[in-house]
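Read through the structure below, which is laid out as structure tokens, and then see the notes.
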Amino acid sequence: MSSSSSSALETEIFQYIDLHQSDFIKDLKEWVAVESDSVQPGLRKEVMRMMALAAGKLAALGATVNSVNLGSHQLPDGQHLPLPPVILGELGMDPQNPTVCFYGHVDVQPARKEDGWKTDPYVLTEIDGNLYGRGSTDNKGPVLAWINAVETFRALKLAIPVNFKFIIEGMEEAGSLGLEKLLEEEKQCFFSDVDFIVISDNLWLSKKKPALTYGTRGNACFFVEVEGGDKDLHSGTFGGIIHEPLMDLVALLDSLVDPTGHIQIPGIYDSVAALTEEERKLYESIEYDIEEHKNNSGVKKFLYSSKEEILLHLWRYPSLSIHGIEGAFHEPGIKTVIPAKVIGKFSIRQVPYMDLAAVKQQVEEHLKNVFSRRNSPNKLKVSMPLGAKPWVADVNDPLYKAARRAIKTVFGEDPDFIRDGSTIPIARMFQTITQKRVIMFPIGAADAGEHSQNEKISRHNYIEGTKVFAAFFLEISKLRGQLHETSSPETNN
């Protein structure tokens, strides 16, 4: 396809999207109205209704839709609750075309107007160009934007440039129960001819500048338990003559990080890859407002003063955070008690090449060494109840280059290439199990408020996001042979 014919095609597609944006917003309003909260068991029927709505939307495109039953799961009270089905959809089977699989979820976090929403969270409301509603950006809006882009090709009777597959779930906000098992079962079937997987379930770093995400940190969560006697004691009777468990614990927690944020556990940085000059340059052009981030957080000062150092320590280097102490008195007032057992809770956001088993061993050895120097008779127990691995992709992969060109076409500027300091297990899960390339392609702005009160997606981002996905389809169709020539994705620890 020549550049002029490609440009004319893009113009036709973009004009259609602009003319039908009211219809696209109407669809989002219908989806937001479904209270598909997967966290609260009492709303499971609404999640089921949402899955049926999404399946119907794909079927209307002409896709083959299979709603896979995942069975049930047991709640803490012993009750069994059915899991929502996972939707597997397929549209197009041209062996000459690349095959794109889009992952999304249509369940949402809990939301109530009395929690601080300025509008009803389940009534999509437009205010000053922003579409407010639970799920508008996480993740119903991006899922619909992708579907809208496919629908545009169908409506204009254009040849579909790629083969589409869809995998849509309804339990992401509750841990994607059952999804990993399904991926294992389908990796030789549904995913066998997939070239790569697109996830649009995170945000830009900026309010205005688009971004592509190429990495996320993992998360290793730890409990450190110190136990003395078998009951709490009165500080007037025993204070000053015993080794207090809480004092031991405070000393242990204090040993983890120094005042500059540097983790003091020996060996913890040994496997962190050295920063290359090419990667450092990616940080120079990133649009990031330090003062805005500071104001949004409510803190007066960050540990670092430059944009590059802040972003490197958010994304590129591990961090350790202390989250709380279980067993200590925390009510208003004072209770002069010496708790018998306390549990400190902290986590380490690890980065690629850091091995979870090695991190666990380093943490245990460090805490045991610190504890031994206290000569305390109390019992120490260290455990890691949860560990999620990091994920990183190659920004020079043809997929990222195609996405970059699509963004330049629609938004008129190159995207920021960013990492995410949080943990998004789904990217790692897909890449590890299917051995397919994964790209994270957000369309929501930094202020979209996912999981928060007044979640929103701007009309601009929703409609331009639909266009950028359509442009992406055209860019991917140009790759064809390159997708098969590139080696399988590397899976980092």
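Ligands are numbered from 1 in the order shown, residues from 1 within each chain, and chains are lettered A, B, ... in the order they appear in the structure tokens.
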
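For Ala448 of chain A, the non-local neighbours within 9 Å, defined as residues at least 6 positions apart in the same chain or in other chains and counting only C-alpha atoms, are Ser136, Thr137, Asp138, Leu203, Lys207, Asn454, Glu455, Lys456, Ile457 and Ser458 of chain A.
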
List every residue of segment 51-210 of chain A that DSSP, applied to the backbone of this structure, places in strand (DSSP E), and write the result as a PyMOL selection string. chain A and resi 64-68+72-74+80-82+86-91+99-105+125-127+130-132+163-169+196-199

Near segment 76-82 of chain A, counting only C-alpha atoms, which residues have an atom at most 9 Å away, once you skip same-chain residues fewer than 6 positions from it, shown as a PyMOL selection string? chain A and resi 41+44+70

Using only all heavy atoms, please write the residues we just selected to a file, as a JSON list (two decimals), in the first residue's frame.
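Once everything was written out, this is again.json:
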[["chain", "number", "residue", "atom", "x", "y", "z"],
["A", 41, "PRO", "N", -19.14, -10.41, 46.47],
["A", 41, "PRO", "CA", -19.87, -11.61, 46.02],
["A", 41, "PRO", "C", -21.32, -11.33, 45.63],
["A", 41, "PRO", "O", -21.84, -11.95, 44.71],
["A", 41, "PRO", "CB", -19.79, -12.54, 47.23],
["A", 41, "PRO", "CG", -18.56, -12.11, 47.96],
["A", 41, "PRO", "CD", -18.49, -10.62, 47.79],
["A", 44, "ARG", "N", -22.04, -10.68, 41.85],
["A", 44, "ARG", "CA", -21.54, -11.61, 40.84],
["A", 44, "ARG", "C", -22.49, -11.72, 39.64],
["A", 44, "ARG", "O", -22.06, -11.86, 38.49],
["A", 44, "ARG", "CB", -21.27, -12.97, 41.46],
["A", 44, "ARG", "CG", -20.59, -13.99, 40.53],
["A", 44, "ARG", "CD", -19.25, -13.50, 39.99],
["A", 44, "ARG", "NE", -18.35, -13.01, 41.00],
["A", 44, "ARG", "CZ", -17.52, -13.79, 41.70],
["A", 44, "ARG", "NH1", -17.49, -15.09, 41.49],
["A", 44, "ARG", "NH2", -16.71, -13.25, 42.61],
["A", 70, "LEU", "N", -15.43, -21.46, 33.80],
["A", 70, "LEU", "CA", -14.27, -21.70, 34.67],
["A", 70, "LEU", "C", -14.65, -22.38, 35.98],
["A", 70, "LEU", "O", -13.81, -22.55, 36.87],
["A", 70, "LEU", "CB", -13.57, -20.38, 34.99],
["A", 70, "LEU", "CG", -12.97, -19.61, 33.81],
["A", 70, "LEU", "CD1", -12.25, -18.37, 34.31],
["A", 70, "LEU", "CD2", -12.02, -20.48, 33.00]]

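Here atom CA of Glu326 of chain A and atom CA of Pro385 of chain A stand 15.1 Å from one another.
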
Using only C-alpha atoms, I'd like a table of the residues in segment 159-183 of chain A that come within 9 Å of segment 421-438 of chain A; for each, show the closest atom pair and its distance in Å rounded to one decimal, ordered by chain and ascending number, as a Markdown table.
| residue | atom | partner | partner_atom | distance |
| --- | --- | --- | --- | --- |
| A:Glu172 | CA | A:Ile426 | CA | 8.8 |
| A:Ser176 | CA | A:Ile426 | CA | 8.5 |
| A:Glu180 | CA | A:Met429 | CA | 7.2 |
| A:Leu183 | CA | A:Ile433 | CA | 6.8 |

Which neighbours of Asp289 of chain A fall inside 12 Å, counting only C-alpha atoms, when residues of the same chain fewer than 3 positions from it are skipped, and could you give them as a ChimeraX atom specification? /A:205-209,286,292-296,305-308,310-311,446

Residues of segment 226-422 of chain A in helix (DSSP H, G or I) according to DSSP, as a PyMOL selection string? chain A and resi 235-238+245-254+277-284+290-297+307-316+356-372+398-411

Dump C-alpha atoms for the selected residues as a PDB file, in the first residue's frame?
ATOM      1  CA  SER A 235       4.369  -2.600  80.954  1.00  0.00           C
ATOM      2  CA  GLY A 236       4.372  -1.549  84.615  1.00  0.00           C
ATOM      3  CA  THR A 237       5.083  -5.093  85.741  1.00  0.00           C
ATOM      4  CA  PHE A 238       7.426  -6.287  82.990  1.00  0.00           C
ATOM      5  CA  PRO A 245       8.811  -8.372  70.736  1.00  0.00           C
ATOM      6  CA  LEU A 246       7.741  -4.985  69.358  1.00  0.00           C
ATOM      7  CA  MET A 247      11.154  -3.448  70.097  1.00  0.00           C
ATOM      8  CA  ASP A 248      12.809  -6.378  68.297  1.00  0.00           C
ATOM      9  CA  LEU A 249      10.477  -5.865  65.346  1.00  0.00           C
ATOM     10  CA  VAL A 250      11.062  -2.124  65.131  1.00  0.00           C
ATOM     11  CA  ALA A 251      14.818  -2.745  65.082  1.00  0.00           C
ATOM     12  CA  LEU A 252      14.391  -5.300  62.297  1.00  0.00           C
ATOM     13  CA  LEU A 253      12.235  -2.977  60.194  1.00  0.00           C
ATOM     14  CA  ASP A 254      14.645  -0.089  60.798  1.00  0.00           C
ATOM     15  CA  GLU A 277      23.206   4.740  27.576  1.00  0.00           C
ATOM     16  CA  GLU A 278      20.401   3.898  25.127  1.00  0.00           C
ATOM     17  CA  GLU A 279      17.975   3.343  27.982  1.00  0.00           C
ATOM     18  CA  ARG A 280      19.100   6.457  29.824  1.00  0.00           C
ATOM     19  CA  LYS A 281      18.260   8.542  26.749  1.00  0.00           C
ATOM     20  CA  LEU A 282      14.665   7.292  26.871  1.00  0.00           C
ATOM     21  CA  TYR A 283      14.245   9.147  30.156  1.00  0.00           C
ATOM     22  CA  GLU A 284      15.427  12.503  28.813  1.00  0.00           C
ATOM     23  CA  ILE A 290       7.798  16.745  39.423  1.00  0.00           C
ATOM     24  CA  GLU A 291       5.824  19.461  41.202  1.00  0.00           C
ATOM     25  CA  GLU A 292       2.507  18.097  39.969  1.00  0.00           C
ATOM     26  CA  HIS A 293       3.404  14.607  41.139  1.00  0.00           C
ATOM     27  CA  LYS A 294       4.493  16.026  44.474  1.00  0.00           C
ATOM     28  CA  ASN A 295       1.286  18.008  44.875  1.00  0.00           C
ATOM     29  CA  ASN A 296      -0.872  15.025  43.936  1.00  0.00           C
ATOM     30  CA  SER A 297       0.870  12.923  46.586  1.00  0.00           C
ATOM     31  CA  LYS A 307      13.255  13.821  36.733  1.00  0.00           C
ATOM     32  CA  GLU A 308      15.648  11.105  35.624  1.00  0.00           C
ATOM     33  CA  GLU A 309      16.570   9.992  39.144  1.00  0.00           C
ATOM     34  CA  ILE A 310      12.945   9.942  40.284  1.00  0.00           C
ATOM     35  CA  LEU A 311      11.795   7.852  37.327  1.00  0.00           C
ATOM     36  CA  LEU A 312      14.760   5.492  37.544  1.00  0.00           C
ATOM     37  CA  HIS A 313      13.962   4.797  41.198  1.00  0.00           C
ATOM     38  CA  LEU A 314      10.259   4.404  40.444  1.00  0.00           C
ATOM     39  CA  TRP A 315      10.714   1.987  37.560  1.00  0.00           C
ATOM     40  CA  ARG A 316      14.271   0.784  37.066  1.00  0.00           C
ATOM     41  CA  LEU A 356      12.380 -14.239  43.706  1.00  0.00           C
ATOM     42  CA  ALA A 357      13.961 -17.215  45.474  1.00  0.00           C
ATOM     43  CA  ALA A 358      17.237 -15.318  45.856  1.00  0.00           C
ATOM     44  CA  VAL A 359      15.426 -12.224  47.174  1.00  0.00           C
ATOM     45  CA  LYS A 360      13.597 -14.366  49.741  1.00  0.00           C
ATOM     46  CA  GLN A 361      16.875 -15.915  50.903  1.00  0.00           C
ATOM     47  CA  GLN A 362      18.635 -12.527  51.113  1.00  0.00           C
ATOM     48  CA  VAL A 363      15.796 -11.068  53.206  1.00  0.00           C
ATOM     49  CA  GLU A 364      15.724 -14.050  55.572  1.00  0.00           C
ATOM     50  CA  GLU A 365      19.497 -14.057  56.083  1.00  0.00           C
ATOM     51  CA  HIS A 366      19.622 -10.314  56.706  1.00  0.00           C
ATOM     52  CA  LEU A 367      16.809 -10.347  59.278  1.00  0.00           C
ATOM     53  CA  LYS A 368      18.250 -13.381  61.068  1.00  0.00           C
ATOM     54  CA  ASN A 369      21.649 -11.694  61.271  1.00  0.00           C
ATOM     55  CA  VAL A 370      20.178  -8.475  62.671  1.00  0.00           C
ATOM     56  CA  PHE A 371      18.033 -10.430  65.127  1.00  0.00           C
ATOM     57  CA  SER A 372      20.961 -12.547  66.344  1.00  0.00           C
ATOM     58  CA  PRO A 398       8.730  -4.139  15.488  1.00  0.00           C
ATOM     59  CA  LEU A 399       5.511  -4.101  17.544  1.00  0.00           C
ATOM     60  CA  TYR A 400       6.605  -1.111  19.599  1.00  0.00           C
ATOM     61  CA  LYS A 401       7.818   0.640  16.458  1.00  0.00           C
ATOM     62  CA  ALA A 402       4.424   0.039  14.825  1.00  0.00           C
ATOM     63  CA  ALA A 403       2.629   1.414  17.892  1.00  0.00           C
ATOM     64  CA  ARG A 404       4.951   4.416  17.903  1.00  0.00           C
ATOM     65  CA  ARG A 405       4.110   5.190  14.270  1.00  0.00           C
ATOM     66  CA  ALA A 406       0.376   4.852  14.975  1.00  0.00           C
ATOM     67  CA  ILE A 407       0.643   7.290  17.880  1.00  0.00           C
ATOM     68  CA  LYS A 408       2.611   9.753  15.748  1.00  0.00           C
ATOM     69  CA  THR A 409      -0.105   9.543  13.053  1.00  0.00           C
ATOM     70  CA  VAL A 410      -2.976  10.250  15.463  1.00  0.00           C
ATOM     71  CA  PHE A 411      -1.456  12.481  18.139  1.00  0.00           C
TER      72      PHE A 411
END

Any idea what's packed within 8 Å of Ser38 of chain A, counting only C-alpha atoms, ignoring anything in its chain fewer than 2 positions away? Could you give it as a PyMOL selection string? chain A and resi 36+40-41+43-44+47+107-109+170-174

Dump as a tab-separated table (two decimals), in the first residue's frame, selection limited to N, CA, C and O atoms:
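The resulting file, again.tsv, is reproduced below:
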chain	number	residue	atom	x	y	z
A	36	SER	N	-20.51	-4.20	37.55
A	36	SER	CA	-19.78	-5.47	37.45
A	36	SER	C	-18.60	-5.52	38.41
A	36	SER	O	-17.46	-5.74	38.01
A	40	GLN	N	-17.12	-7.88	45.32
A	40	GLN	CA	-18.23	-8.15	46.23
A	40	GLN	C	-19.07	-9.33	45.72
A	40	GLN	O	-19.66	-9.24	44.63
A	41	PRO	N	-19.14	-10.41	46.47
A	41	PRO	CA	-19.87	-11.61	46.02
A	41	PRO	C	-21.32	-11.33	45.63
A	41	PRO	O	-21.84	-11.95	44.71
A	43	LEU	N	-22.56	-9.10	43.99
A	43	LEU	CA	-22.72	-8.49	42.67
A	43	LEU	C	-22.24	-9.41	41.54
A	43	LEU	O	-22.09	-8.97	40.40
A	44	ARG	N	-22.04	-10.68	41.85
A	44	ARG	CA	-21.54	-11.61	40.84
A	44	ARG	C	-22.49	-11.72	39.64
A	44	ARG	O	-22.06	-11.86	38.49
A	47	VAL	N	-21.67	-9.13	37.20
A	47	VAL	CA	-20.48	-9.46	36.42
A	47	VAL	C	-20.86	-10.41	35.29
A	47	VAL	O	-20.42	-10.24	34.14
A	107	ASP	N	-14.73	-6.25	34.50
A	107	ASP	CA	-15.12	-6.10	35.90
A	107	ASP	C	-14.49	-4.83	36.44
A	107	ASP	O	-13.56	-4.28	35.84
A	108	VAL	N	-15.01	-4.35	37.57
A	108	VAL	CA	-14.56	-3.08	38.12
A	108	VAL	C	-14.33	-3.17	39.63
A	108	VAL	O	-14.75	-4.13	40.27
A	109	GLN	N	-13.68	-2.15	40.14
A	109	GLN	CA	-13.52	-1.99	41.59
A	109	GLN	C	-14.82	-1.49	42.21
A	109	GLN	O	-15.65	-0.86	41.53
A	170	GLY	N	-13.67	-11.37	33.58
A	170	GLY	CA	-14.48	-10.61	34.52
A	170	GLY	C	-14.04	-10.75	35.97
A	170	GLY	O	-14.82	-10.48	36.89
A	171	MET	N	-12.76	-11.14	36.18
A	171	MET	CA	-12.27	-11.31	37.55
A	171	MET	C	-10.91	-10.63	37.77
A	171	MET	O	-10.23	-10.94	38.75
A	172	GLU	N	-10.52	-9.73	36.90
A	172	GLU	CA	-9.19	-9.12	37.02
A	172	GLU	C	-9.03	-8.39	38.35
A	172	GLU	O	-7.97	-8.48	38.99
A	173	GLU	N	-10.05	-7.67	38.78
A	173	GLU	CA	-9.95	-6.90	40.02
A	173	GLU	C	-9.94	-7.79	41.25
A	173	GLU	O	-9.68	-7.33	42.36
A	174	ALA	N	-10.24	-9.07	41.06
A	174	ALA	CA	-10.23	-10.02	42.18
A	174	ALA	C	-9.15	-11.07	41.99
A	174	ALA	O	-9.22	-12.17	42.55

Ranking A:Lys118, A:Arg112, A:Lys341, A:Arg154 by minimum distance to Ala470 of chain A and counting only C-alpha atoms, which one comes first? A:Arg154
